[in-house]
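Student: So that you have it, the file is data_18.cif, and it contains mmCIF, C-alpha atoms:
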data_start
loop_
_atom_site.group_PDB
_atom_site.id
_atom_site.type_symbol
_atom_site.label_atom_id
_atom_site.label_comp_id
_atom_site.auth_asym_id
_atom_site.auth_seq_id
_atom_site.Cartn_x
_atom_site.Cartn_y
_atom_site.Cartn_z
ATOM 1 C CA MET X 1 73.268 -2.593 16.887
ATOM 2 C CA GLU X 2 69.523 -2.805 17.492
ATOM 3 C CA ARG X 3 68.364 -6.025 19.118
ATOM 4 C CA ASN X 4 66.564 -8.426 16.777
ATOM 5 C CA LEU X 5 63.392 -9.261 18.681
ATOM 6 C CA SER X 6 62.523 -11.931 16.111
ATOM 7 C CA LEU X 7 65.454 -14.008 17.332
ATOM 8 C CA ASP X 8 64.334 -13.515 20.935
ATOM 9 C CA ILE X 9 60.902 -14.799 19.923
ATOM 10 C CA LEU X 10 62.519 -17.765 18.165
ATOM 11 C CA ARG X 11 64.511 -18.551 21.317
ATOM 12 C CA ILE X 12 61.314 -18.470 23.388
ATOM 13 C CA MET X 13 59.560 -20.717 20.856
ATOM 14 C CA ALA X 14 62.485 -23.154 20.990
ATOM 15 C CA CYS X 15 62.258 -23.264 24.785
ATOM 16 C CA ILE X 16 58.521 -24.027 24.609
ATOM 17 C CA ALA X 17 59.198 -26.692 21.965
ATOM 18 C CA VAL X 18 61.766 -28.417 24.209
ATOM 19 C CA ILE X 19 59.171 -28.582 26.965
ATOM 20 C CA MET X 20 56.710 -30.006 24.440
ATOM 21 C CA ILE X 21 59.165 -32.766 23.450
ATOM 22 C CA HIS X 22 59.468 -33.947 27.050
ATOM 23 C CA THR X 23 55.781 -33.491 27.795
ATOM 24 C CA ALA X 24 54.511 -35.267 24.669
ATOM 25 C CA GLY X 25 57.033 -38.047 25.185
ATOM 26 C CA SER X 26 55.981 -38.717 28.777
ATOM 27 C CA PRO X 27 52.665 -40.522 28.019
ATOM 28 C CA ILE X 28 54.553 -42.772 25.574
ATOM 29 C CA VAL X 29 57.461 -43.488 27.914
ATOM 30 C CA HIS X 30 55.173 -44.276 30.843
ATOM 31 C CA GLY X 31 52.807 -46.422 28.796
ATOM 32 C CA PHE X 32 49.762 -44.199 29.144
ATOM 33 C CA VAL X 33 49.088 -44.445 25.407
ATOM 34 C CA SER X 34 49.218 -47.428 23.048
ATOM 35 C CA PRO X 35 50.610 -47.508 19.488
ATOM 36 C CA GLY X 36 47.839 -47.004 16.966
ATOM 37 C CA SER X 37 45.642 -44.954 19.284
ATOM 38 C CA MET X 38 44.669 -41.364 18.596
ATOM 39 C CA ASP X 39 46.434 -40.185 21.758
ATOM 40 C CA TYR X 40 49.632 -41.964 20.723
ATOM 41 C CA ASN X 41 49.616 -40.356 17.274
ATOM 42 C CA CYS X 42 48.889 -36.926 18.744
ATOM 43 C CA CYS X 43 51.882 -37.270 21.049
ATOM 44 C CA LEU X 44 54.077 -38.309 18.112
ATOM 45 C CA ILE X 45 52.931 -35.320 16.048
ATOM 46 C CA LEU X 46 53.533 -32.835 18.874
ATOM 47 C CA ASP X 47 56.971 -34.354 19.421
ATOM 48 C CA ALA X 48 57.715 -34.194 15.679
ATOM 49 C CA LEU X 49 56.661 -30.554 15.442
ATOM 50 C CA SER X 50 59.134 -29.671 18.207
ATOM 51 C CA ARG X 51 62.269 -31.495 17.036
ATOM 52 C CA TRP X 52 63.826 -28.342 15.578
ATOM 53 C CA SER X 53 64.174 -26.769 19.030
ATOM 54 C CA VAL X 54 67.574 -28.030 20.219
ATOM 55 C CA PRO X 55 69.224 -27.458 16.797
ATOM 56 C CA VAL X 56 67.885 -23.893 16.782
ATOM 57 C CA PHE X 57 69.332 -23.283 20.254
ATOM 58 C CA ALA X 58 72.724 -24.412 18.939
ATOM 59 C CA MET X 59 72.344 -22.252 15.837
ATOM 60 C CA LEU X 60 71.506 -19.175 17.893
ATOM 61 C CA THR X 61 74.690 -19.805 19.855
ATOM 62 C CA GLY X 62 76.653 -19.789 16.610
ATOM 63 C CA PHE X 63 74.783 -16.757 15.286
ATOM 64 C CA PHE X 64 75.931 -14.584 18.186
ATOM 65 C CA MET X 65 79.165 -16.178 19.413
ATOM 66 C CA LEU X 66 80.811 -16.367 16.000
ATOM 67 C CA ASP X 67 80.277 -12.722 15.085
ATOM 68 C CA THR X 68 83.795 -11.844 13.992
ATOM 69 C CA ALA X 69 82.992 -8.141 14.206
ATOM 70 C CA LYS X 70 83.031 -8.486 17.998
ATOM 71 C CA GLU X 71 86.101 -9.497 19.935
ATOM 72 C CA LEU X 72 85.844 -12.516 22.226
ATOM 73 C CA PRO X 73 89.078 -13.101 24.146
ATOM 74 C CA ILE X 74 89.637 -16.624 25.417
ATOM 75 C CA LYS X 75 89.808 -15.299 28.983
ATOM 76 C CA LYS X 76 86.303 -13.832 28.642
ATOM 77 C CA LEU X 77 85.050 -17.034 26.986
ATOM 78 C CA PHE X 78 86.096 -19.056 30.028
ATOM 79 C CA SER X 79 85.298 -16.570 32.789
ATOM 80 C CA LYS X 80 81.892 -15.491 31.486
ATOM 81 C CA TYR X 81 80.452 -18.381 29.479
ATOM 82 C CA ILE X 82 82.124 -21.707 30.253
ATOM 83 C CA LEU X 83 82.334 -21.038 34.013
ATOM 84 C CA ARG X 84 78.624 -20.208 34.089
ATOM 85 C CA LEU X 85 77.719 -23.464 32.347
ATOM 86 C CA PHE X 86 79.965 -25.462 34.669
ATOM 87 C CA THR X 87 78.598 -23.938 37.886
ATOM 88 C CA ALA X 88 75.013 -24.245 36.625
ATOM 89 C CA LEU X 89 75.542 -27.936 35.865
ATOM 90 C CA VAL X 90 76.912 -28.620 39.354
ATOM 91 C CA PHE X 91 74.213 -26.579 41.120
ATOM 92 C CA TRP X 92 71.295 -28.129 39.287
ATOM 93 C CA SER X 93 72.741 -31.630 39.622
ATOM 94 C CA VAL X 94 72.728 -31.103 43.392
ATOM 95 C CA PHE X 95 69.217 -29.635 43.276
ATOM 96 C CA TYR X 96 67.753 -32.519 41.280
ATOM 97 C CA ALA X 97 69.585 -35.097 43.416
ATOM 98 C CA ILE X 98 68.273 -33.677 46.695
ATOM 99 C CA THR X 99 64.695 -32.926 45.619
ATOM 100 C CA LEU X 100 64.175 -36.113 43.604
ATOM 101 C CA HIS X 101 66.134 -38.358 46.004
ATOM 102 C CA LYS X 102 68.647 -39.523 43.419
ATOM 103 C CA SER X 103 72.380 -40.099 43.402
ATOM 104 C CA PHE X 104 74.540 -37.027 42.938
ATOM 105 C CA TYR X 105 76.681 -36.826 39.819
ATOM 106 C CA PRO X 106 78.256 -33.337 39.865
ATOM 107 C CA LEU X 107 79.691 -33.537 36.365
ATOM 108 C CA GLY X 108 77.210 -35.953 34.880
ATOM 109 C CA SER X 109 73.580 -35.825 33.849
ATOM 110 C CA GLN X 110 71.281 -36.268 36.822
ATOM 111 C CA GLU X 111 68.427 -35.672 34.435
ATOM 112 C CA GLY X 112 68.565 -36.492 30.740
ATOM 113 C CA HIS X 113 68.223 -32.911 29.564
ATOM 114 C CA PHE X 114 71.536 -31.932 31.189
ATOM 115 C CA TRP X 115 73.342 -33.430 28.200
ATOM 116 C CA TYR X 116 72.672 -30.106 26.503
ATOM 117 C CA VAL X 117 74.719 -28.215 29.104
ATOM 118 C CA GLY X 118 77.684 -30.513 28.525
ATOM 119 C CA MET X 119 77.268 -30.099 24.786
ATOM 120 C CA CYS X 120 77.295 -26.305 25.173
ATOM 121 C CA ILE X 121 80.516 -26.456 27.180
ATOM 122 C CA GLY X 122 82.049 -28.422 24.310
ATOM 123 C CA LEU X 123 80.755 -25.871 21.801
ATOM 124 C CA TYR X 124 82.180 -22.945 23.735
ATOM 125 C CA LEU X 125 85.551 -24.677 23.979
ATOM 126 C CA ALA X 126 85.491 -24.870 20.179
ATOM 127 C CA VAL X 127 84.401 -21.228 19.683
ATOM 128 C CA PRO X 128 87.916 -19.813 19.040
ATOM 129 C CA ILE X 129 88.434 -22.366 16.269
ATOM 130 C CA MET X 130 84.940 -21.845 14.858
ATOM 131 C CA ARG X 131 85.523 -18.081 14.784
ATOM 132 C CA MET X 132 88.628 -18.635 12.668
ATOM 133 C CA ILE X 133 86.548 -20.687 10.217
ATOM 134 C CA ALA X 134 83.737 -18.122 10.223
ATOM 135 C CA ALA X 135 86.178 -15.352 9.350
ATOM 136 C CA ASN X 136 87.089 -17.091 6.077
ATOM 137 C CA GLU X 137 84.111 -17.200 3.691
ATOM 138 C CA ARG X 138 85.485 -19.997 1.509
ATOM 139 C CA LEU X 139 86.453 -22.121 4.489
ATOM 140 C CA LEU X 140 83.076 -21.475 6.133
ATOM 141 C CA SER X 141 81.227 -22.517 2.974
ATOM 142 C CA TYR X 142 83.379 -25.631 2.619
ATOM 143 C CA PHE X 143 82.801 -26.651 6.227
ATOM 144 C CA CYS X 144 79.022 -26.187 6.165
ATOM 145 C CA TRP X 145 78.439 -28.055 2.915
ATOM 146 C CA THR X 146 80.796 -30.877 3.929
ATOM 147 C CA TRP X 147 79.023 -31.162 7.276
ATOM 148 C CA LEU X 148 75.638 -31.388 5.555
ATOM 149 C CA VAL X 149 76.871 -34.066 3.116
ATOM 150 C CA ILE X 150 78.334 -36.125 5.966
ATOM 151 C CA LYS X 151 75.117 -35.899 7.991
ATOM 152 C CA CYS X 152 73.061 -37.026 4.977
ATOM 153 C CA TYR X 153 75.497 -39.867 4.252
ATOM 154 C CA GLN X 154 75.369 -41.075 7.861
ATOM 155 C CA PHE X 155 71.577 -40.851 7.856
ATOM 156 C CA ILE X 156 71.339 -43.023 4.719
ATOM 157 C CA GLY X 157 73.487 -45.555 6.569
ATOM 158 C CA ASN X 158 70.519 -46.237 8.859
ATOM 159 C CA PHE X 159 68.715 -47.896 5.963
ATOM 160 C CA ILE X 160 71.362 -49.449 3.706
ATOM 161 C CA THR X 161 74.895 -50.751 4.099
ATOM 162 C CA LEU X 162 77.298 -48.128 2.827
ATOM 163 C CA PRO X 163 80.736 -48.895 1.388
ATOM 164 C CA ILE X 164 82.637 -46.933 4.049
ATOM 165 C CA ASN X 165 81.922 -45.833 7.586
ATOM 166 C CA LEU X 166 82.319 -42.076 7.236
ATOM 167 C CA GLN X 167 83.281 -40.645 10.603
ATOM 168 C CA ASP X 168 82.502 -37.136 11.853
ATOM 169 C CA VAL X 169 86.161 -36.197 12.404
ATOM 170 C CA ILE X 170 85.919 -32.398 12.905
ATOM 171 C CA PHE X 171 82.489 -32.119 11.254
ATOM 172 C CA VAL X 172 80.654 -32.961 14.465
ATOM 173 C CA ASP X 173 76.953 -32.440 14.988
ATOM 174 C CA TYR X 174 76.475 -29.165 16.851
ATOM 175 C CA VAL X 175 79.634 -27.462 15.616
ATOM 176 C CA GLY X 176 78.017 -27.817 12.193
ATOM 177 C CA TYR X 177 74.844 -26.166 13.456
ATOM 178 C CA CYS X 178 76.800 -23.225 14.923
ATOM 179 C CA LEU X 179 78.755 -22.585 11.755
ATOM 180 C CA SER X 180 75.665 -23.110 9.577
ATOM 181 C CA ALA X 181 73.939 -20.316 11.471
ATOM 182 C CA TYR X 182 76.770 -17.943 10.704
ATOM 183 C CA TYR X 183 76.773 -19.153 7.101
ATOM 184 C CA LEU X 184 73.051 -18.366 6.823
ATOM 185 C CA LYS X 185 73.692 -14.966 8.345
ATOM 186 C CA THR X 186 76.163 -14.264 5.550
ATOM 187 C CA PHE X 187 74.813 -16.046 2.454
ATOM 188 C CA THR X 188 70.987 -15.920 2.538
ATOM 189 C CA ARG X 189 70.402 -12.372 1.377
ATOM 190 C CA THR X 190 68.895 -13.477 -1.943
ATOM 191 C CA LYS X 191 65.141 -14.030 -1.882
ATOM 192 C CA ASN X 192 65.274 -17.046 -4.221
ATOM 193 C CA ILE X 193 67.737 -18.807 -1.925
ATOM 194 C CA ARG X 194 65.508 -18.160 1.078
ATOM 195 C CA THR X 195 62.458 -19.467 -0.815
ATOM 196 C CA GLY X 196 64.303 -22.696 -1.582
ATOM 197 C CA ILE X 197 65.264 -23.042 2.077
ATOM 198 C CA TYR X 198 61.627 -22.552 3.156
ATOM 199 C CA ILE X 199 60.411 -25.236 0.740
ATOM 200 C CA LEU X 200 63.001 -27.681 2.080
ATOM 201 C CA GLY X 201 61.977 -26.756 5.626
ATOM 202 C CA ILE X 202 58.320 -27.534 4.911
ATOM 203 C CA LEU X 203 59.247 -30.869 3.319
ATOM 204 C CA GLY X 204 61.475 -31.651 6.293
ATOM 205 C CA THR X 205 58.671 -30.915 8.742
ATOM 206 C CA ILE X 206 56.225 -33.109 6.832
ATOM 207 C CA THR X 207 58.769 -35.947 6.821
ATOM 208 C CA THR X 208 59.395 -35.570 10.552
ATOM 209 C CA ILE X 209 55.660 -35.936 11.183
ATOM 210 C CA LEU X 210 54.864 -38.743 8.743
ATOM 211 C CA ALA X 211 57.812 -41.038 9.501
ATOM 212 C CA PRO X 212 56.973 -41.841 13.150
ATOM 213 C CA VAL X 213 53.205 -41.885 12.583
ATOM 214 C CA LEU X 214 53.465 -44.334 9.668
ATOM 215 C CA SER X 215 55.960 -46.537 11.517
ATOM 216 C CA GLN X 216 54.237 -46.105 14.913
ATOM 217 C CA ASN X 217 57.684 -45.669 16.405
ATOM 218 C CA ASP X 218 58.704 -42.917 18.798
ATOM 219 C CA ASP X 219 62.371 -43.954 18.546
ATOM 220 C CA THR X 220 62.679 -43.317 14.824
ATOM 221 C CA VAL X 221 65.914 -42.022 13.286
ATOM 222 C CA PHE X 222 63.828 -39.216 11.788
ATOM 223 C CA PHE X 223 63.641 -37.761 15.313
ATOM 224 C CA ASN X 224 67.424 -37.453 15.602
ATOM 225 C CA TYR X 225 68.530 -33.849 15.976
ATOM 226 C CA THR X 226 70.974 -34.290 13.086
ATOM 227 C CA ALA X 227 68.611 -36.075 10.710
ATOM 228 C CA PRO X 228 68.440 -34.184 7.383
ATOM 229 C CA ASN X 229 64.722 -33.528 7.808
ATOM 230 C CA VAL X 230 65.348 -31.857 11.174
ATOM 231 C CA ILE X 231 68.367 -29.955 9.852
ATOM 232 C CA VAL X 232 66.427 -28.318 7.010
ATOM 233 C CA THR X 233 63.529 -27.453 9.333
ATOM 234 C CA ALA X 234 65.855 -25.723 11.802
ATOM 235 C CA ILE X 235 67.678 -23.912 8.989
ATOM 236 C CA ALA X 236 64.385 -22.692 7.506
ATOM 237 C CA LEU X 237 63.132 -21.372 10.844
ATOM 238 C CA LEU X 238 66.330 -19.492 11.638
ATOM 239 C CA THR X 239 66.445 -18.049 8.113
ATOM 240 C CA PHE X 240 62.852 -16.833 8.349
ATOM 241 C CA PHE X 241 63.195 -15.159 11.736
ATOM 242 C CA MET X 242 66.606 -13.757 10.861
ATOM 243 C CA HIS X 243 65.254 -11.991 7.788
ATOM 244 C CA HIS X 244 61.943 -10.846 9.263
ATOM 245 C CA PRO X 245 62.778 -8.536 12.165
ATOM 246 C CA ILE X 246 59.829 -7.113 14.023
ATOM 247 C CA SER X 247 59.276 -3.840 15.833
ATOM 248 C CA LEU X 248 57.215 -3.652 19.021
ATOM 249 C CA ARG X 249 56.312 -0.979 21.511
ATOM 250 C CA GLN X 250 59.101 -0.611 24.051
ATOM 251 C CA SER X 251 57.005 -2.135 26.832
ATOM 252 C CA TRP X 252 56.363 -5.311 24.802
ATOM 253 C CA ALA X 253 59.953 -5.411 23.594
ATOM 254 C CA ASN X 254 61.094 -5.371 27.218
ATOM 255 C CA VAL X 255 58.791 -8.292 28.034
ATOM 256 C CA ILE X 256 60.094 -10.346 25.108
ATOM 257 C CA THR X 257 63.708 -9.577 26.003
ATOM 258 C CA THR X 258 63.153 -10.513 29.661
ATOM 259 C CA ILE X 259 61.511 -13.830 28.791
ATOM 260 C CA SER X 260 64.252 -14.594 26.275
ATOM 261 C CA LYS X 261 66.914 -14.053 28.936
ATOM 262 C CA CYS X 262 65.071 -16.517 31.191
ATOM 263 C CA THR X 263 65.063 -19.377 28.679
ATOM 264 C CA PHE X 264 68.297 -20.989 29.885
ATOM 265 C CA GLY X 265 66.971 -21.032 33.433
ATOM 266 C CA ILE X 266 63.651 -22.420 32.213
ATOM 267 C CA TYR X 267 65.503 -25.171 30.362
ATOM 268 C CA LEU X 268 67.440 -26.131 33.484
ATOM 269 C CA VAL X 269 64.416 -26.321 35.779
ATOM 270 C CA HIS X 270 61.660 -27.433 33.409
ATOM 271 C CA MET X 271 62.108 -31.190 33.930
ATOM 272 C CA TRP X 272 61.804 -30.763 37.682
ATOM 273 C CA VAL X 273 58.573 -28.801 37.272
ATOM 274 C CA LEU X 274 57.239 -31.350 34.766
ATOM 275 C CA ILE X 275 57.969 -34.211 37.167
ATOM 276 C CA GLN X 276 56.096 -32.400 39.938
ATOM 277 C CA ILE X 277 52.913 -31.823 37.943
ATOM 278 C CA PHE X 278 52.666 -34.464 35.204
ATOM 279 C CA PHE X 279 51.413 -37.448 37.198
ATOM 280 C CA ARG X 280 49.212 -35.278 39.388
ATOM 281 C CA LEU X 281 47.500 -33.719 36.384
ATOM 282 C CA HIS X 282 47.240 -37.075 34.601
ATOM 283 C CA ARG X 283 44.852 -38.283 37.306
ATOM 284 C CA PHE X 284 42.378 -35.591 36.282
ATOM 285 C CA ILE X 285 43.240 -35.244 32.578
ATOM 286 C CA PRO X 286 43.592 -38.727 31.066
ATOM 287 C CA ASN X 287 43.491 -37.376 27.501
ATOM 288 C CA SER X 288 47.158 -36.981 26.559
ATOM 289 C CA LEU X 289 46.568 -34.265 23.965
ATOM 290 C CA ILE X 290 44.754 -32.035 26.449
ATOM 291 C CA LEU X 291 47.317 -32.907 29.110
ATOM 292 C CA CYS X 292 50.146 -31.688 26.889
ATOM 293 C CA PHE X 293 48.471 -28.374 26.185
ATOM 294 C CA VAL X 294 47.877 -27.880 29.911
ATOM 295 C CA CYS X 295 51.325 -28.986 31.082
ATOM 296 C CA VAL X 296 53.438 -27.018 28.617
ATOM 297 C CA PRO X 297 52.260 -23.495 29.572
ATOM 298 C CA VAL X 298 52.242 -24.397 33.266
ATOM 299 C CA VAL X 299 55.820 -25.680 33.075
ATOM 300 C CA PHE X 300 56.960 -22.728 30.983
ATOM 301 C CA LEU X 301 55.388 -20.085 33.221
ATOM 302 C CA THR X 302 56.490 -21.787 36.436
ATOM 303 C CA GLY X 303 60.019 -22.241 35.121
ATOM 304 C CA GLY X 304 60.022 -18.643 33.930
ATOM 305 C CA GLY X 305 58.941 -17.433 37.351
ATOM 306 C CA ILE X 306 61.659 -19.440 39.089
ATOM 307 C CA SER X 307 64.265 -18.221 36.613
ATOM 308 C CA LEU X 308 63.168 -14.598 36.954
ATOM 309 C CA ILE X 309 63.255 -14.708 40.758
ATOM 310 C CA MET X 310 66.689 -16.346 40.779
ATOM 311 C CA SER X 311 68.004 -13.742 38.332
ATOM 312 C CA LYS X 312 67.301 -11.083 40.947
ATOM 313 C CA LEU X 313 69.513 -12.827 43.518
ATOM 314 C CA ARG X 314 73.186 -11.950 43.781
ATOM 315 C CA TYR X 315 75.470 -14.370 41.912
ATOM 316 C CA PHE X 316 72.607 -16.581 40.709
ATOM 317 C CA ASN X 317 72.108 -14.607 37.530
ATOM 318 C CA LYS X 318 75.841 -14.794 36.783
ATOM 319 C CA TYR X 319 76.583 -18.403 37.689
ATOM 320 C CA ILE X 320 73.404 -20.506 38.025
ATOM 321 C CA ILE X 321 70.863 -19.632 35.330
#
Let me see whether you can do it: turn the structure in this file into structure tokens.
Tutor:
Amino acid sequence: MERNLSLDILRIMACIAVIMIHTAGSPIVHGFVSPGSMDYNCCLILDALSRWSVPVFAMLTGFFMLDTAKELPIKKLFSKYILRLFTALVFWSVFYAITLHKSFYPLGSQEGHFWYVGMCIGLYLAVPIMRMIAANERLLSYFCWTWLVIKCYQFIGNFITLPINLQDVIFVDYVGYCLSAYYLKTFTRTKNIRTGIYILGILGTITTILAPVLSQNDDTVFFNYTAPNVIVTAIALLTFFMHHPISLRQSWANVITTISKCTFGIYLVHMWVLIQIFFRLHRFIPNSLILCFVCVPVVFLTGGGISLIMSKLRYFNKYII
């Protein structure tokens, strides 16, 4: 099967968007900008425009891992995927602890972004069960729609008191994203359905931007990765890129594929790079908007370089990045 470069591009965009979330959030967290200021609002908007990134990463995992046309023995799942995540988490926890002079938590989150690695381990543990659901169209449809209803119901509970506290049970956050990706892969072949998804995605994006700016709150529930507005944005983006494959000259296709393969390594190291440069650059670039647009490409390219070099080293490509 020919590689879909559009999905590689989407993965790269998601990686850049994750870096933007942490970069745009830094001036707010460190008090460099004040609520109501232009810089503050710009940071909120950049953060809002990037919220789809983590959900899309989870959906891409589901898109490829749940392909029932390909066999995935449990032994391979553990030896190739889960082991790699586990060893990467331990290695980078040690790296961050030593270089940033922090306590070492081998199975914890030395830096906040490591929560994603733990979440991925949980997702991969659930892959055999998710593949059984994905293989049954009716069960897949039931799961995805029930998950979406539960997420909307829980979101409404942030604003009003609901009659019952509806728990996730098996319809947990990122399992829903994985299965939704496979659902979209199967059920979005009709143009009218895709158009409806795009309209919802645009409305979701607008909501994600307006809510924090109007409330002047960077901790808004509209920023949650499972808020309905973020869900529909992520779904719309995956649907668009999934149904619009692109063709490039082989040389450019190789570049895109190489960068895409580096994104996990970039994710792991990007916070370390950001910590190294953010405060240094802030001394010379006090404008937070400009600072973000300088930091993000620097972090991405530096992280990409580190990831690419490490991928050439024996065992690192298999177990660390």
Student: Residue by residue, what does the PyMOL selection byres ((chain X and resi 78-85) around 10) grab here? Present the result as a VMD selection string.
Tutor: chain X and resid 73 to 77 86 to 91 117 to 118 120 to 125 316 to 321
Student: Would you give me, as CSV, each residue of segment 239-280 of chain X having an atom within 12 Å of an atom of segment 52-60 of chain X, along with its shortest atom pair and that distance in Å to one decimal, using all atoms listed in the file and sorting by chain and residue number?
Tutor:
residue,atom,partner,partner_atom,distance
X:Thr239,CA,X:Val56,CA,10.6
X:Phe241,CA,X:Leu60,CA,11.1
X:Met242,CA,X:Leu60,CA,10.1
X:Ser260,CA,X:Phe57,CA,11.7
X:Thr263,CA,X:Phe57,CA,10.2
X:Phe264,CA,X:Phe57,CA,10.0
X:Tyr267,CA,X:Val54,CA,10.7
Student: In Å, how far is it from atom CA of Phe222 of chain X to atom CA of Thr208 of chain X?
Tutor: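 About the pair atom CA of Phe222 of chain X and atom CA of Thr208 of chain X: they are 5.9 Å apart.
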Student: Draw an axis-aligned box over all listed atoms of segment 208-213 of chain X, pad each side with 3 Å, and write its centre and edge lengths in Å, one decimal, as lines of an AutoDock Vina configuration file.
Tutor:
center_x = 56.3
center_y = -38.7
center_z = 10.9
size_x = 12.2
size_y = 12.3
size_z = 10.4
Student: Applied to this file, what does the PyMOL selection byres ((chain X and resi 12) around 9) return in terms of residues, put as a VMD selection string?
Tutor: chain X and resid 7 to 11 13 to 17 256 259 to 260 262 to 263
Student: How many Å separate atom CA of Cys144 of chain X from atom CA of Phe64 of chain X?
Tutor: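 Here the two named atoms are 17.0 Å from each other.
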Student: Can you tell me how far atom CA of His113 of chain X sits from atom CA of Asp219 of chain X, in Å to one decimal?
Tutor: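 Distance between the two atoms: 16.7 Å.
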